[in-house]
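Data first, discussion second: the structure below is written as structure tokens.
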Protein chains: 2
Amino acid sequence: MKVGFVGLGAMGRPMAENLLRAGFPVAVWARRAQSAAPLEAAGAVLRPTPAALAADVDVVISMVTGSGDVEALVLGGEGLLAGLRPGAVHVDMSTIAPGDARELAAEYARHGVEFLDAPVSGGTVGAEAGNLAIMIGGDEGAIERVRPALEAMGAKIRRIGPSGAGQVAKACNQMVFVSAVQACAEALNLAAASGVDVGRVREALLGGSAWSKALDDWGGRMVSRDFAPGIEARLHHKDFGILMNEAMSTGVPLPIAAQVWQQLNALVASGFGRDDIASLLRVLEQGRGR
Amino acid sequence: MKVGFVGLGAMGRPMAENLLRAGFPVAVWARRAQSAAPLEAAGAVLRPTPAALAADVDVVISMVTGSGDVEALVLGGEGLLAGLRPGAVHVDMSTIAPGDARELAAEYARHGVEFLDAPVSGGTVGAEAGNLAIMIGGDEGAIERVRPALEAMGAKIRRIGPSGAGQVAKACNQMVFVSAVQACAEALNLAAASGVDVGRVREALLGGSAWSKALDDWGGRMVSRDFAPGIEARLHHKDFGILMNEAMSTGVPLPIAAQVWQQLNALVASGFGRDDIASLLRVLEQGRGR
């Protein structure tokens with residue numbers, strides 16, 4: 001199976017490297033050709049346009065930022081749609097709006113190409129380790145055809161439902177994850193203001209019903225005041241924009257997610273957008289002049 | 001070590017039973033004597049007043065509802081303070097305000113009695129299994145003296161700091177835990193409204209950064225629509241009252257905890273106060289007329 005890959009950022013690069021390492025022939029396209037150099041050095045072939053990339057592969061995998069990036073990649077004059085052959089599959093692993101994923105799937109279907117929305121959870125650590133959780137919306141047969149490539153990048157590969165369902169699951173994931181990080185920030189900030197050792201509070205909470213990966217990992221970053229990113233917080237901010245649009249269009253109340261969204265706005269306004277999401281603690285601390 | 005126990009509710013009864021099972025002589029006092037009958041049948045001795053209970057034990061353990069209950073138990077005319085001897089220890093495992101715990105400790109100190117605030121996490125399941133997480137504020141020597149009794153009830157026994165610190169940790173625990181349950185409710189409600197299988201979403205989220213005990217356990221209850229309590233949600237509602245008073249007195253912003261508090265108000269107003277906290281999902285669903 002020949003694989004095309006687009007989107008060689010903090011997530012995409014290690015994912016593409018894992019595909020090469022698993023033995024797949026990988027072609028890449030990059031808006032700035034120099035960003036593909038490390039992949040070329042590792043054995044990937046560089047193509048001049050998305051259409052040219054698409055023309056000789058069985059599956060294209062994309063890992064870009066938002067809906068606009070995916071649409072430009074697919075629908076532009078030299079876009080993937082102009083190159084992908086009937087029977088090919090485009091697996092978009094970016095985090096975009098469920099409705100946009102459904103529209104892209106419908107557009108591709110008119111050309112006999114399958115589109116899967118397959119966003120991930122696990123961050124740069126999971127991308128590097130090749131054990132991302134992959135949440136997929138789309139046709140089961142198409143998923144089975146590309147599964148070997150997905151298995152080179154992820155450990156928990158699950159079909160959630162039809163087109164868009166992967167993105168709904170991802171929106172849910174971000175809501176649950178970032179809300180948990182925010183709750184940890186509030187708790188540890190309260191503990192500190194009460195004169196209580198925050199490390200001991202975190203450890204005590206890990207022993208009971210408050211246990212979460214957010215408390216274990218991101219709570220640990222807060223205790224050690226390590227705000228270097230993993231994923232940059234501005235991307236979570238973007239994801240919450242998607243989430244709030246979903247709330248608007250479905251009429252579903254998201255009371256704490258909406259509050260977290262505002263804290264993310266404050267985070268970005270405070271200049272922490274390129275730091276880790278653990279910076280939600282620093283947003284709360286600002287009034288205390290730490 | 002002779003143990004006195006007060007508060008034979010859903011949590012206290014199995015905790016007292018575990019003390020008996022571990023071989024401690026246990027005396028009990030209960031406002032309504034008949035509620036002590038199962039403990040008497042298991043070998044406990046019934047005392048007529050808290051003072052009488054306190055007079056011949058080395059440690060009194062209390063597991064009642066709120067600050068008012070603990071204060072009445074300690075300071076009333078026939079209260080514990082009238083009976084406890086210098087060198088005795090009162091371990092209060094109820095969830096009360098940190099400031100109230102500090103005041104009780106100061107009052108006891110004037111009589112040469114140690115007071116430990118030692119609230120727990122783990123619910124009725126943890127109480128029955130004897131593996132509660134116990135978060136303690138107070139004197140280290142006193143903790144060591146009563147440790148064998150604590151070990152009959154809990155598995156993770158941690159001193160957080162001086163008097164009140166256990167209650168601060170517990171307030172943090174409730175905030176992180178119930179916020180996580182609320183986030184799960186919002187996510188699963190959004191997934192359902194989007195026509196996506198909620199069980200698959202929960203499973204996918206358990207594979208990545210959104211993993212929490214709340215999602216695993218309480219998310220599971222939501223998926224299977226099991227709202228029978230563990231702990232009744234009205235008690236979490238009470239705990240959030242404590243939390244919000246702490247926010248007021250320390251001047252610490254708790255943006256999502258405040259929102260969760262309002263959802264708990266809505267839960268109680270909706271008649272779900274004696275059901276499980278998983279009922280936060282039903283609060284969100286009400287507009288959809290499920």
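By order in the structure tokens, chains are A, B, ...; within a chain, residues start at 1; ligands start at 1, following the order shown.
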Per residue of chain B within 6 Å of chain A, record the nearest atom pair and its distance in Å to one decimal, counting only C-alpha atoms, with rows in chain order and ascending residue number, as a Markdown table.
```
| residue | atom | partner | partner_atom | distance |
| --- | --- | --- | --- | --- |
| B:Ser121 | CA | A:Gly208 | CA | 5.2 |
| B:Gly122 | CA | A:Gly208 | CA | 5.4 |
| B:Ala133 | CA | A:Gly208 | CA | 5.8 |
| B:Ile160 | CA | A:Arg200 | CA | 5.8 |
| B:Ala169 | CA | A:Val201 | CA | 5.5 |
| B:Cys172 | CA | A:Ala187 | CA | 4.8 |
| B:Asn173 | CA | A:Ala210 | CA | 5.7 |
| B:Val176 | CA | A:Ala183 | CA | 5.2 |
| B:Phe177 | CA | A:Ala210 | CA | 4.3 |
| B:Ala180 | CA | A:Ala180 | CA | 5.8 |
| B:Ala183 | CA | A:Val176 | CA | 5.2 |
| B:Glu186 | CA | A:Leu254 | CA | 5.7 |
| B:Ala187 | CA | A:Cys172 | CA | 4.8 |
| B:Arg200 | CA | A:Ile160 | CA | 5.8 |
| B:Val201 | CA | A:Ala169 | CA | 5.5 |
| B:Leu205 | CA | A:Asn173 | CA | 5.7 |
| B:Gly207 | CA | A:Ala133 | CA | 5.7 |
| B:Gly208 | CA | A:Ser121 | CA | 5.2 |
| B:Ser209 | CA | A:Gly122 | CA | 5.7 |
| B:Ala210 | CA | A:Phe177 | CA | 4.3 |
| B:Trp211 | CA | A:Lys213 | CA | 5.5 |
| B:Ser212 | CA | A:Ser212 | CA | 3.8 |
| B:Lys213 | CA | A:Trp211 | CA | 5.5 |
| B:Leu254 | CA | A:Glu186 | CA | 5.7 |
| B:Ile256 | CA | A:Ile256 | CA | 5.6 |
```
Export N, CA and C atoms of the chosen residues as a PDB file, in the first residue's frame?
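Dumped to selection.pdb:
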```
ATOM      1  N   SER B 121     -11.933   9.409  50.186  1.00  0.00           N
ATOM      2  CA  SER B 121     -12.441   9.266  48.828  1.00  0.00           C
ATOM      3  C   SER B 121     -12.505   7.780  48.519  1.00  0.00           C
ATOM      4  N   GLY B 122     -13.495   7.415  47.707  1.00  0.00           N
ATOM      5  CA  GLY B 122     -13.630   6.006  47.345  1.00  0.00           C
ATOM      6  C   GLY B 122     -15.057   5.500  47.452  1.00  0.00           C
ATOM      7  N   ALA B 133      -9.212   6.069  50.194  1.00  0.00           N
ATOM      8  CA  ALA B 133      -8.111   7.029  50.294  1.00  0.00           C
ATOM      9  C   ALA B 133      -8.448   7.967  51.450  1.00  0.00           C
ATOM     10  N   ILE B 160      -1.633  15.306  54.662  1.00  0.00           N
ATOM     11  CA  ILE B 160      -1.494  16.387  53.681  1.00  0.00           C
ATOM     12  C   ILE B 160      -0.778  17.575  54.311  1.00  0.00           C
ATOM     13  N   ALA B 169      -7.772  19.132  50.840  1.00  0.00           N
ATOM     14  CA  ALA B 169      -7.545  18.100  49.823  1.00  0.00           C
ATOM     15  C   ALA B 169      -8.869  17.465  49.400  1.00  0.00           C
ATOM     16  N   CYS B 172     -10.695  19.723  47.108  1.00  0.00           N
ATOM     17  CA  CYS B 172     -10.067  19.608  45.783  1.00  0.00           C
ATOM     18  C   CYS B 172     -10.499  18.325  45.087  1.00  0.00           C
ATOM     19  N   ASN B 173     -10.555  17.249  45.862  1.00  0.00           N
ATOM     20  CA  ASN B 173     -10.962  15.954  45.305  1.00  0.00           C
ATOM     21  C   ASN B 173     -12.375  16.031  44.727  1.00  0.00           C
ATOM     22  N   VAL B 176     -12.453  18.125  41.485  1.00  0.00           N
ATOM     23  CA  VAL B 176     -11.874  17.446  40.320  1.00  0.00           C
ATOM     24  C   VAL B 176     -12.765  16.283  39.889  1.00  0.00           C
ATOM     25  N   PHE B 177     -13.268  15.551  40.865  1.00  0.00           N
ATOM     26  CA  PHE B 177     -14.092  14.377  40.547  1.00  0.00           C
ATOM     27  C   PHE B 177     -15.429  14.768  39.918  1.00  0.00           C
ATOM     28  N   ALA B 180     -15.267  16.268  36.528  1.00  0.00           N
ATOM     29  CA  ALA B 180     -15.027  15.235  35.513  1.00  0.00           C
ATOM     30  C   ALA B 180     -16.322  14.512  35.160  1.00  0.00           C
ATOM     31  N   ALA B 183     -18.252  16.874  32.933  1.00  0.00           N
ATOM     32  CA  ALA B 183     -17.678  16.911  31.583  1.00  0.00           C
ATOM     33  C   ALA B 183     -18.088  15.672  30.793  1.00  0.00           C
ATOM     34  N   GLU B 186     -21.678  16.120  29.693  1.00  0.00           N
ATOM     35  CA  GLU B 186     -21.797  17.024  28.547  1.00  0.00           C
ATOM     36  C   GLU B 186     -21.364  16.324  27.258  1.00  0.00           C
ATOM     37  N   ALA B 187     -20.270  15.588  27.344  1.00  0.00           N
ATOM     38  CA  ALA B 187     -19.740  14.911  26.155  1.00  0.00           C
ATOM     39  C   ALA B 187     -20.709  13.841  25.656  1.00  0.00           C
ATOM     40  N   ARG B 200     -19.655   3.751  22.322  1.00  0.00           N
ATOM     41  CA  ARG B 200     -18.400   3.751  21.549  1.00  0.00           C
ATOM     42  C   ARG B 200     -17.575   4.984  21.830  1.00  0.00           C
ATOM     43  N   VAL B 201     -18.250   6.120  22.017  1.00  0.00           N
ATOM     44  CA  VAL B 201     -17.510   7.351  22.338  1.00  0.00           C
ATOM     45  C   VAL B 201     -16.787   7.179  23.665  1.00  0.00           C
ATOM     46  N   LEU B 205     -12.742   7.318  24.195  1.00  0.00           N
ATOM     47  CA  LEU B 205     -12.130   8.319  25.076  1.00  0.00           C
ATOM     48  C   LEU B 205     -11.292   7.666  26.176  1.00  0.00           C
ATOM     49  N   GLY B 207      -9.290   5.469  25.730  1.00  0.00           N
ATOM     50  CA  GLY B 207      -7.997   5.095  25.148  1.00  0.00           C
ATOM     51  C   GLY B 207      -6.986   6.219  25.109  1.00  0.00           C
ATOM     52  N   GLY B 208      -7.361   7.437  25.466  1.00  0.00           N
ATOM     53  CA  GLY B 208      -6.431   8.559  25.281  1.00  0.00           C
ATOM     54  C   GLY B 208      -6.343   9.487  26.481  1.00  0.00           C
ATOM     55  N   SER B 209      -6.107  10.748  26.183  1.00  0.00           N
ATOM     56  CA  SER B 209      -5.836  11.735  27.225  1.00  0.00           C
ATOM     57  C   SER B 209      -7.059  12.046  28.080  1.00  0.00           C
ATOM     58  N   ALA B 210      -8.252  11.626  27.642  1.00  0.00           N
ATOM     59  CA  ALA B 210      -9.477  11.909  28.394  1.00  0.00           C
ATOM     60  C   ALA B 210      -9.746  10.872  29.481  1.00  0.00           C
ATOM     61  N   TRP B 211      -8.854   9.884  29.633  1.00  0.00           N
ATOM     62  CA  TRP B 211      -9.067   8.808  30.605  1.00  0.00           C
ATOM     63  C   TRP B 211      -9.238   9.369  32.014  1.00  0.00           C
ATOM     64  N   SER B 212     -10.289   8.933  32.679  1.00  0.00           N
ATOM     65  CA  SER B 212     -10.457   9.259  34.102  1.00  0.00           C
ATOM     66  C   SER B 212     -11.292   8.170  34.751  1.00  0.00           C
ATOM     67  N   LYS B 213     -11.191   8.108  36.073  1.00  0.00           N
ATOM     68  CA  LYS B 213     -12.047   7.183  36.806  1.00  0.00           C
ATOM     69  C   LYS B 213     -13.505   7.596  36.635  1.00  0.00           C
ATOM     70  N   LEU B 254     -12.900  29.936  40.980  1.00  0.00           N
ATOM     71  CA  LEU B 254     -13.168  28.543  40.622  1.00  0.00           C
ATOM     72  C   LEU B 254     -14.209  28.518  39.497  1.00  0.00           C
ATOM     73  N   ILE B 256     -14.955  26.721  36.679  1.00  0.00           N
ATOM     74  CA  ILE B 256     -15.797  25.579  36.301  1.00  0.00           C
ATOM     75  C   ILE B 256     -16.434  24.931  37.516  1.00  0.00           C
TER      76      ILE B 256
END
```
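The residues of segment 99-272 of chain A that DSSP classifies as strand (DSSP E), using the backbone of this structure, are A:Glu114, A:Phe115, A:Leu116, A:Asp117, A:Val120, A:Ser121, A:Leu132, A:Ala133, A:Ile134, A:Met135, A:Ile136, A:Gly137, A:Gly154, A:Ala155, A:Lys156, A:Ile157, A:Arg158, A:Arg159, A:Ile160, A:Gly161.
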Of the listed residues B:Gly76, B:Gly4, B:Gly219, B:Pro86, that which approaches Val60 of chain B most closely, counting only C-alpha atoms: B:Gly4
Selection: 10 Å around Met11 of chain B, only C-alpha atoms, excl. self and same-chain fewer than 3 positions, as a list in words: Gly7, Leu8, Pro14, Met15, Ala16, Met63, Val64, Met93, Ser94, Val120, Gly122, Gly123, Thr124, Val125, Gly126, Ala127, Glu128, Gly230 and Ile231 of chain B
Could you write out the selected residues, including N, CA, C and O atoms, as a PDB file, in the first residue's frame?
```
ATOM      1  N   GLY B   7     -21.750   7.526  63.494  1.00  0.00           N
ATOM      2  CA  GLY B   7     -22.132   7.822  62.107  1.00  0.00           C
ATOM      3  C   GLY B   7     -22.238   6.552  61.295  1.00  0.00           C
ATOM      4  O   GLY B   7     -21.341   6.226  60.526  1.00  0.00           O
ATOM      5  N   LEU B   8     -23.374   5.835  61.496  1.00  0.00           N
ATOM      6  CA  LEU B   8     -23.482   4.499  60.894  1.00  0.00           C
ATOM      7  C   LEU B   8     -24.320   4.531  59.619  1.00  0.00           C
ATOM      8  O   LEU B   8     -25.221   3.725  59.412  1.00  0.00           O
ATOM      9  N   PRO B  14     -20.106   0.258  56.951  1.00  0.00           N
ATOM     10  CA  PRO B  14     -19.059  -0.691  56.517  1.00  0.00           C
ATOM     11  C   PRO B  14     -17.670  -0.361  57.094  1.00  0.00           C
ATOM     12  O   PRO B  14     -16.868  -1.275  57.325  1.00  0.00           O
ATOM     13  N   MET B  15     -17.408   0.924  57.349  1.00  0.00           N
ATOM     14  CA  MET B  15     -16.117   1.273  57.954  1.00  0.00           C
ATOM     15  C   MET B  15     -16.019   0.697  59.367  1.00  0.00           C
ATOM     16  O   MET B  15     -14.989   0.122  59.755  1.00  0.00           O
ATOM     17  N   ALA B  16     -17.107   0.833  60.142  1.00  0.00           N
ATOM     18  CA  ALA B  16     -17.123   0.292  61.505  1.00  0.00           C
ATOM     19  C   ALA B  16     -17.044  -1.234  61.481  1.00  0.00           C
ATOM     20  O   ALA B  16     -16.367  -1.852  62.314  1.00  0.00           O
ATOM     21  N   MET B  63     -18.150   9.761  61.286  1.00  0.00           N
ATOM     22  CA  MET B  63     -18.434   9.802  59.847  1.00  0.00           C
ATOM     23  C   MET B  63     -19.868  10.283  59.707  1.00  0.00           C
ATOM     24  O   MET B  63     -20.788   9.476  59.546  1.00  0.00           O
ATOM     25  N   VAL B  64     -20.049  11.592  59.873  1.00  0.00           N
ATOM     26  CA  VAL B  64     -21.393  12.167  59.813  1.00  0.00           C
ATOM     27  C   VAL B  64     -21.487  13.084  58.592  1.00  0.00           C
ATOM     28  O   VAL B  64     -20.639  13.007  57.693  1.00  0.00           O
ATOM     29  N   MET B  93     -13.879  11.830  59.962  1.00  0.00           N
ATOM     30  CA  MET B  93     -13.731  11.437  58.560  1.00  0.00           C
ATOM     31  C   MET B  93     -14.862  11.996  57.697  1.00  0.00           C
ATOM     32  O   MET B  93     -14.938  11.713  56.504  1.00  0.00           O
ATOM     33  N   SER B  94     -15.714  12.820  58.297  1.00  0.00           N
ATOM     34  CA  SER B  94     -16.763  13.523  57.552  1.00  0.00           C
ATOM     35  C   SER B  94     -16.122  14.544  56.621  1.00  0.00           C
ATOM     36  O   SER B  94     -14.946  14.879  56.763  1.00  0.00           O
ATOM     37  N   VAL B 120     -12.392  11.162  53.335  1.00  0.00           N
ATOM     38  CA  VAL B 120     -12.040  10.013  52.504  1.00  0.00           C
ATOM     39  C   VAL B 120     -12.521  10.185  51.078  1.00  0.00           C
ATOM     40  O   VAL B 120     -13.418  10.979  50.795  1.00  0.00           O
ATOM     41  N   GLY B 122     -13.495   7.415  47.707  1.00  0.00           N
ATOM     42  CA  GLY B 122     -13.630   6.006  47.345  1.00  0.00           C
ATOM     43  C   GLY B 122     -15.057   5.500  47.452  1.00  0.00           C
ATOM     44  O   GLY B 122     -15.372   4.414  46.970  1.00  0.00           O
ATOM     45  N   GLY B 123     -15.926   6.294  48.097  1.00  0.00           N
ATOM     46  CA  GLY B 123     -17.348   5.962  48.103  1.00  0.00           C
ATOM     47  C   GLY B 123     -17.678   4.700  48.880  1.00  0.00           C
ATOM     48  O   GLY B 123     -16.844   4.154  49.606  1.00  0.00           O
ATOM     49  N   THR B 124     -18.923   4.250  48.731  1.00  0.00           N
ATOM     50  CA  THR B 124     -19.378   3.082  49.468  1.00  0.00           C
ATOM     51  C   THR B 124     -18.587   1.832  49.066  1.00  0.00           C
ATOM     52  O   THR B 124     -18.341   0.958  49.899  1.00  0.00           O
ATOM     53  N   VAL B 125     -18.169   1.784  47.800  1.00  0.00           N
ATOM     54  CA  VAL B 125     -17.382   0.631  47.344  1.00  0.00           C
ATOM     55  C   VAL B 125     -16.060   0.560  48.116  1.00  0.00           C
ATOM     56  O   VAL B 125     -15.663  -0.490  48.607  1.00  0.00           O
ATOM     57  N   GLY B 126     -15.398   1.719  48.233  1.00  0.00           N
ATOM     58  CA  GLY B 126     -14.142   1.778  48.970  1.00  0.00           C
ATOM     59  C   GLY B 126     -14.331   1.528  50.458  1.00  0.00           C
ATOM     60  O   GLY B 126     -13.473   0.924  51.115  1.00  0.00           O
ATOM     61  N   ALA B 127     -15.478   2.005  50.995  1.00  0.00           N
ATOM     62  CA  ALA B 127     -15.758   1.784  52.423  1.00  0.00           C
ATOM     63  C   ALA B 127     -15.932   0.304  52.700  1.00  0.00           C
ATOM     64  O   ALA B 127     -15.440  -0.218  53.706  1.00  0.00           O
ATOM     65  N   GLU B 128     -16.643  -0.385  51.814  1.00  0.00           N
ATOM     66  CA  GLU B 128     -16.875  -1.821  52.008  1.00  0.00           C
ATOM     67  C   GLU B 128     -15.593  -2.620  51.817  1.00  0.00           C
ATOM     68  O   GLU B 128     -15.312  -3.552  52.563  1.00  0.00           O
ATOM     69  N   GLY B 230     -24.447   4.818  44.580  1.00  0.00           N
ATOM     70  CA  GLY B 230     -23.354   4.941  45.477  1.00  0.00           C
ATOM     71  C   GLY B 230     -23.664   6.037  46.506  1.00  0.00           C
ATOM     72  O   GLY B 230     -24.577   5.909  47.306  1.00  0.00           O
ATOM     73  N   ILE B 231     -22.881   7.068  46.471  1.00  0.00           N
ATOM     74  CA  ILE B 231     -23.116   8.229  47.326  1.00  0.00           C
ATOM     75  C   ILE B 231     -24.247   9.043  46.705  1.00  0.00           C
ATOM     76  O   ILE B 231     -24.275   9.235  45.493  1.00  0.00           O
TER      77      ILE B 231
END
```
DSSP helix (DSSP H, G or I) selection over segment 47-141 of chain A, as a PyMOL selection string: chain A and resi 50-55+67-75+80-83+98-109+123-129+140-141
Using N, CA, C and O atoms, can you write the selected residues to a file as a short mmCIF file (atom, residue, chain, number, x, y, z; two decimals), in the first residue's frame?
```cif
data_model
loop_
_atom_site.label_atom_id
_atom_site.label_comp_id
_atom_site.auth_asym_id
_atom_site.auth_seq_id
_atom_site.Cartn_x
_atom_site.Cartn_y
_atom_site.Cartn_z
N PRO A 50 -0.45 18.63 -4.15
CA PRO A 50 -1.32 17.58 -3.58
C PRO A 50 -1.86 16.64 -4.66
O PRO A 50 -1.91 15.43 -4.45
N ALA A 51 -2.21 17.20 -5.83
CA ALA A 51 -2.75 16.34 -6.90
C ALA A 51 -1.71 15.32 -7.36
O ALA A 51 -2.02 14.14 -7.58
N ALA A 52 -0.46 15.78 -7.50
CA ALA A 52 0.61 14.88 -7.92
C ALA A 52 0.86 13.81 -6.85
O ALA A 52 1.11 12.64 -7.16
N LEU A 53 0.78 14.22 -5.59
CA LEU A 53 0.93 13.26 -4.49
C LEU A 53 -0.17 12.20 -4.56
O LEU A 53 0.09 10.99 -4.44
N ALA A 54 -1.38 12.67 -4.82
CA ALA A 54 -2.54 11.77 -4.79
C ALA A 54 -2.54 10.78 -5.94
O ALA A 54 -3.08 9.67 -5.83
N ALA A 55 -1.91 11.18 -7.06
CA ALA A 55 -2.07 10.42 -8.30
C ALA A 55 -1.49 9.02 -8.25
O ALA A 55 -1.94 8.13 -8.98
N SER A 67 -10.32 23.02 9.62
CA SER A 67 -11.19 22.74 8.48
C SER A 67 -10.70 23.44 7.22
O SER A 67 -10.68 22.85 6.13
N GLY A 68 -10.29 24.71 7.35
CA GLY A 68 -9.85 25.48 6.18
C GLY A 68 -8.65 24.85 5.51
O GLY A 68 -8.57 24.80 4.27
N ASP A 69 -7.73 24.33 6.32
CA ASP A 69 -6.54 23.69 5.76
C ASP A 69 -6.90 22.42 5.00
O ASP A 69 -6.35 22.14 3.94
N VAL A 70 -7.82 21.64 5.57
CA VAL A 70 -8.20 20.39 4.91
C VAL A 70 -8.93 20.70 3.61
O VAL A 70 -8.67 20.08 2.56
N GLU A 71 -9.84 21.68 3.66
CA GLU A 71 -10.60 22.02 2.45
C GLU A 71 -9.69 22.53 1.34
O GLU A 71 -9.84 22.16 0.18
N ALA A 72 -8.71 23.38 1.69
CA ALA A 72 -7.76 23.89 0.69
C ALA A 72 -6.96 22.73 0.09
O ALA A 72 -6.71 22.69 -1.12
N LEU A 73 -6.59 21.80 0.94
CA LEU A 73 -5.80 20.65 0.49
C LEU A 73 -6.59 19.77 -0.48
O LEU A 73 -6.05 19.27 -1.47
N VAL A 74 -7.87 19.60 -0.21
CA VAL A 74 -8.69 18.69 -1.01
C VAL A 74 -9.20 19.38 -2.27
O VAL A 74 -9.12 18.83 -3.38
N LEU A 75 -9.74 20.60 -2.10
CA LEU A 75 -10.56 21.21 -3.15
C LEU A 75 -9.81 22.22 -4.00
O LEU A 75 -10.33 22.67 -5.03
N LEU A 80 -6.07 17.40 -3.70
CA LEU A 80 -6.12 15.93 -3.68
C LEU A 80 -7.22 15.39 -4.56
O LEU A 80 -7.06 14.37 -5.24
N LEU A 81 -8.36 16.09 -4.58
CA LEU A 81 -9.51 15.60 -5.34
C LEU A 81 -9.20 15.48 -6.82
O LEU A 81 -9.73 14.60 -7.51
N ALA A 82 -8.30 16.36 -7.31
CA ALA A 82 -7.91 16.32 -8.72
C ALA A 82 -7.01 15.13 -9.04
O ALA A 82 -6.83 14.78 -10.20
N GLY A 83 -6.43 14.50 -7.99
CA GLY A 83 -5.47 13.44 -8.25
C GLY A 83 -5.92 12.06 -7.80
O GLY A 83 -5.54 11.05 -8.40
N PRO A 98 -17.26 18.30 12.75
CA PRO A 98 -17.94 17.12 12.22
C PRO A 98 -18.71 17.42 10.92
O PRO A 98 -18.66 16.61 9.98
N GLY A 99 -19.37 18.56 10.86
CA GLY A 99 -20.13 18.91 9.66
C GLY A 99 -19.24 19.06 8.44
O GLY A 99 -19.61 18.66 7.33
N ASP A 100 -18.05 19.63 8.62
CA ASP A 100 -17.11 19.78 7.50
C ASP A 100 -16.61 18.42 7.04
O ASP A 100 -16.42 18.20 5.84
N ALA A 101 -16.40 17.51 7.99
CA ALA A 101 -15.98 16.16 7.61
C ALA A 101 -17.08 15.48 6.79
O ALA A 101 -16.80 14.82 5.77
N ARG A 102 -18.34 15.66 7.21
CA ARG A 102 -19.45 15.05 6.45
C ARG A 102 -19.53 15.61 5.04
O ARG A 102 -19.76 14.87 4.08
N GLU A 103 -19.30 16.92 4.89
CA GLU A 103 -19.37 17.53 3.56
C GLU A 103 -18.24 17.05 2.66
O GLU A 103 -18.46 16.80 1.47
N LEU A 104 -17.04 16.93 3.21
CA LEU A 104 -15.92 16.42 2.42
C LEU A 104 -16.18 14.98 1.98
O LEU A 104 -15.91 14.61 0.83
N ALA A 105 -16.73 14.18 2.89
CA ALA A 105 -17.04 12.78 2.54
C ALA A 105 -18.05 12.73 1.40
O ALA A 105 -17.92 11.91 0.47
N ALA A 106 -19.04 13.63 1.44
CA ALA A 106 -20.06 13.64 0.38
C ALA A 106 -19.46 14.07 -0.95
O ALA A 106 -19.77 13.50 -2.01
N GLU A 107 -18.57 15.07 -0.91
CA GLU A 107 -17.93 15.56 -2.13
C GLU A 107 -17.06 14.45 -2.76
O GLU A 107 -17.12 14.20 -3.96
N TYR A 108 -16.27 13.77 -1.91
CA TYR A 108 -15.43 12.68 -2.39
C TYR A 108 -16.28 11.54 -2.97
O TYR A 108 -15.92 10.92 -3.97
N ALA A 109 -17.42 11.25 -2.30
CA ALA A 109 -18.25 10.12 -2.73
C ALA A 109 -18.69 10.31 -4.18
O ALA A 109 -18.82 9.33 -4.94
N GLY A 123 -1.46 12.97 21.78
CA GLY A 123 -0.45 14.03 21.73
C GLY A 123 0.83 13.61 21.05
O GLY A 123 0.92 12.54 20.41
N THR A 124 1.86 14.45 21.19
CA THR A 124 3.13 14.18 20.53
C THR A 124 3.78 12.91 21.09
O THR A 124 4.44 12.18 20.35
N VAL A 125 3.54 12.63 22.37
CA VAL A 125 4.10 11.41 22.96
C VAL A 125 3.51 10.18 22.27
O VAL A 125 4.23 9.26 21.90
N GLY A 126 2.19 10.20 22.08
CA GLY A 126 1.52 9.09 21.40
C GLY A 126 1.90 8.99 19.93
O GLY A 126 2.02 7.89 19.39
N ALA A 127 2.10 10.16 19.29
CA ALA A 127 2.50 10.16 17.88
C ALA A 127 3.88 9.52 17.72
O ALA A 127 4.11 8.74 16.80
N GLU A 128 4.78 9.86 18.64
CA GLU A 128 6.14 9.32 18.56
C GLU A 128 6.16 7.83 18.90
O GLU A 128 6.85 7.05 18.24
N ALA A 129 5.38 7.44 19.90
CA ALA A 129 5.36 6.03 20.31
C ALA A 129 4.54 5.16 19.37
O ALA A 129 4.59 3.94 19.43
N GLU A 140 -16.85 1.15 6.84
CA GLU A 140 -16.07 0.07 7.47
C GLU A 140 -15.08 -0.59 6.52
O GLU A 140 -13.96 -0.91 6.90
N GLY A 141 -15.51 -0.82 5.28
CA GLY A 141 -14.62 -1.45 4.30
C GLY A 141 -13.38 -0.62 4.04
O GLY A 141 -12.26 -1.14 3.95
#
```
Computed interatomic separation between atom CA of Arg234 of chain B and atom CA of Leu281 of chain A (Å):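 That distance, rounded to one decimal, is 29.0 Å.
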Computed interatomic separation between atom CA of Ala27 of chain B and atom CA of Thr49 of chain B (Å):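 Distance reported for this atom pair: 11.1 Å.
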Gap from atom CA of Asp275 of chain B to atom CA of Thr95 of chain B - Å, one decimal: 19.0 Å
Option closest in space to Asp58 of chain B, from B:Ala41, B:Ala266, B:Val6, B:Met1 [counting only C-alpha atoms]: B:Met1
Within 9 Å of Phe24 of chain A using only C-alpha atoms, minus same-chain residues under 4 positions, as a PyMOL selection string: chain A and resi 1-3+19-20+149
